[in-house]
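Student: The structure follows.
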Amino acid sequence: MSYFLAANVTLLTLMLFRASMRSERSFVLSQNVAMRTSQLAQSLAVANGEISKSSLQLEHLANSDTLTGLANRSVFNRRMELLFDRCRKGQTEVALLLIDLDKFKTVNDTRGHSAGDALLKAVANRLSAACGKNDLAVRLGGDEFALVLSGHDLDARVHRVVLDVMKRIAAPIFFGGHEIVPGASIGIAFAPRHATDGDDLYACADLALYQAKLEGRRQIRFFDAALKDRLDYERAVDRDLAAAIEAGGLEVHFQPQVDMLRDAATGFEALVRWWHPEIGAISPPDIVKAAAKLQMSEQLTGFVADRACRFARILDAEGHGDLTVSINMSPSEFGAYDPARLLSGIAARHEVNPGRIEVEITEDAILDPRKVERALAALRGAGFGIAVDDFGMGHSSLAHLISLKIDRLKIDRHFVTNISANVHNQALVGALVSVGRALDMDLVLEGVETAADAETLRALGCYTGQGWLFGKAMAPADAVEWLKRHATKVRAVA
């Protein structure tokens, strides 16, 4: 019996010990689980906080201009959409003030981009200070800002705000020990008075801003009926330009260029013409502007180049294979497509020697030759001549003229018109003639309209002229008749 009891006690002790070990393991396991759960909860809380913080930062970046801290274009678009929903219901009116800094590029170029950034930040702070609690100040990009005002009977309030903005912006800022005096031009439009949606309101204010800059900068211009007519005109041009190019609604006329020493034609300039069925004649600059806005510059240039090559073949057939034909191109086109490839293809299709075609570029190309040097080199390599149009109206660098290897300079008509009675212009043109000779470049004088002016230019050493004295821009058939009548010998008769 003693052995039996001892065995039972021993067995019971083992069972109790085993149960105790299991309980201990369960307790330890539960504590570990609790600790891990607590740690996970803390980690999730921290992660959630970081995510929330990142979301706020991303939201701020998505809605704010990184440099100035003002609302960006995305916020501007959403606000305009919201306001126009209320505007259509008669619950509010909207005023848009577009603000563009005057000569901001000059600050960047002369003082550096750091100074430009400092100016933008200062202007942003001043615009914010001029805003009411429900107004929105926006940086749309570059040096363009906007103020969006809403409410009823806005006219008086807009006048107060815009005068305050002009005064605030005009206060000087100091950067790097130098004083910078900002200036701004402002265009203003109202809804629903001028527009029925945000895009229309922006277009109206933008046109008013453009007019303010034309009137001398540091100007305020409200959208009005005259600008409305201009906006309708531009919209009609934009709407119908593609069809006019494709359907032949555009025409290319040719104005003769004349050797005033030998009284002989030396070539023609191709000039685009468009008679719109609803609004009449469209000016060439407006055609070029619309093509650039619609990203149709390549199509327009291709159309003019095609007609120029056709005219060159007509000249060949008439026995005038020595005459050149020039076409105009804007340097802004060079980044949009390959002009050498385009013109070479058209010349090859018409079997025209590229040397017969001259490309005229505006003088602003010389201000930043790096942007155009490669395109001009490609054009020269393909055999096309290069001329600078309207020379003397910009800020050309002689060093850049040399590096770009320009063939001809076309002196702007501003210096030529009535030059026989203008001693100052005679001195200027004489100096430009010396520049051309020193750089071994031919000169063409635009705007020659009287025999007295032609005689004065000849005395100054100018030999090639273009203007109504010799002939206006003519359709191809009329240009050929002009050549026949003059037999390539042109007499300048007043």
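Letters A, B, ... mark the chains of the structure tokens in the order given; residue numbers begin at 1 per chain; ligand numbers begin at 1, in order shown.
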DSSP on the backbone: which residues in range 236-309 of chain A end up as alpha helix (DSSP H)? Give the answer as a ChimeraX atom specification.

Tutor: /A:236-247,284-293,297-309

Student: If we count only C-alpha atoms, what is near Ser128 in chain A at a cut-off of 12 Å, once residues fewer than 5 positions away on the same chain are taken out, given as a VMD selection string?

Tutor: chain A and resid 68 to 71 121 to 123 133 to 139 145 to 148 161 164 to 165 168 to 169

Student: List every residue of range 208-255 of chain A that has an atom at most 12 Å from any atom of range 324-338 of chain A, giving for each one its closest atom pair and the distance in Å to one decimal, counting only C-alpha atoms, sorted by chain and then by ascending residue number, as JSON lines.

Tutor:
```
{"residue": "A:Val252", "atom": "CA", "partner": "A:Ile327", "partner_atom": "CA", "distance": 10.1}
{"residue": "A:His253", "atom": "CA", "partner": "A:Ile327", "partner_atom": "CA", "distance": 10.9}
{"residue": "A:Phe254", "atom": "CA", "partner": "A:Val325", "partner_atom": "CA", "distance": 8.4}
{"residue": "A:Gln255", "atom": "CA", "partner": "A:Val325", "partner_atom": "CA", "distance": 9.5}
```

Student: If DSSP is run on the backbone, what residues of range 216-457 of chain A are strand (DSSP E or B)? A reply as an NGL selection string would be ideal.

Tutor: :A and (220-222 or 250-259 or 264-276 or 280-282 or 324-329 or 357-362 or 385-391 or 408-411 or 442-446)

Student: Write out as JSON, numbers by chain which residues come within 10 Å of Lys167 in chain A when counting only C-alpha atoms, dropping same-chain ones fewer than 5 positions away.

Tutor: {"A": [126, 161, 162, 183, 184]}

Student: Near Gly216 in chain A, within 12 Å and counting only C-alpha atoms, which residues show up once chain neighbours fewer than 6 positions away are dropped, as a list of chain:residue names?

Tutor: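 Counting only the stated atoms, we get A:Asp102, A:Lys103, A:Gly183, A:Ala184, A:Ser185, A:Ile186, A:Leu209, A:Tyr210.
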
Student: Convert the current residue selection to file output with N, CA and C atoms, as a JSON list (two decimals), in the first residue's frame.

Tutor:
```
[["chain", "number", "residue", "atom", "x", "y", "z"],
["A", 102, "ASP", "N", 5.69, 93.87, -65.63],
["A", 102, "ASP", "CA", 6.34, 94.53, -66.76],
["A", 102, "ASP", "C", 7.85, 94.33, -66.69],
["A", 103, "LYS", "N", 8.43, 93.94, -67.82],
["A", 103, "LYS", "CA", 9.88, 93.80, -67.97],
["A", 103, "LYS", "C", 10.48, 92.86, -66.93],
["A", 183, "GLY", "N", 6.67, 96.88, -61.78],
["A", 183, "GLY", "CA", 5.52, 97.48, -62.42],
["A", 183, "GLY", "C", 4.65, 96.37, -62.96],
["A", 184, "ALA", "N", 3.38, 96.66, -63.19],
["A", 184, "ALA", "CA", 2.47, 95.63, -63.67],
["A", 184, "ALA", "C", 1.44, 96.23, -64.60],
["A", 185, "SER", "N", 0.95, 95.38, -65.50],
["A", 185, "SER", "CA", -0.19, 95.71, -66.35],
["A", 185, "SER", "C", -1.32, 94.78, -65.94],
["A", 186, "ILE", "N", -2.55, 95.31, -65.95],
["A", 186, "ILE", "CA", -3.70, 94.53, -65.46],
["A", 186, "ILE", "C", -4.84, 94.59, -66.47],
["A", 209, "LEU", "N", -5.62, 92.58, -70.89],
["A", 209, "LEU", "CA", -4.23, 92.68, -70.44],
["A", 209, "LEU", "C", -3.31, 92.97, -71.61],
["A", 210, "TYR", "N", -3.52, 92.28, -72.72],
["A", 210, "TYR", "CA", -2.70, 92.51, -73.91],
["A", 210, "TYR", "C", -2.81, 93.97, -74.37]]
```

Student: Which residues come within 7 Å of Lys410 in chain A, counting only C-alpha atoms, excluding same-chain residues fewer than 6 positions away, as a VMD selection string?

Tutor: chain A and resid 388 to 391 443 to 446
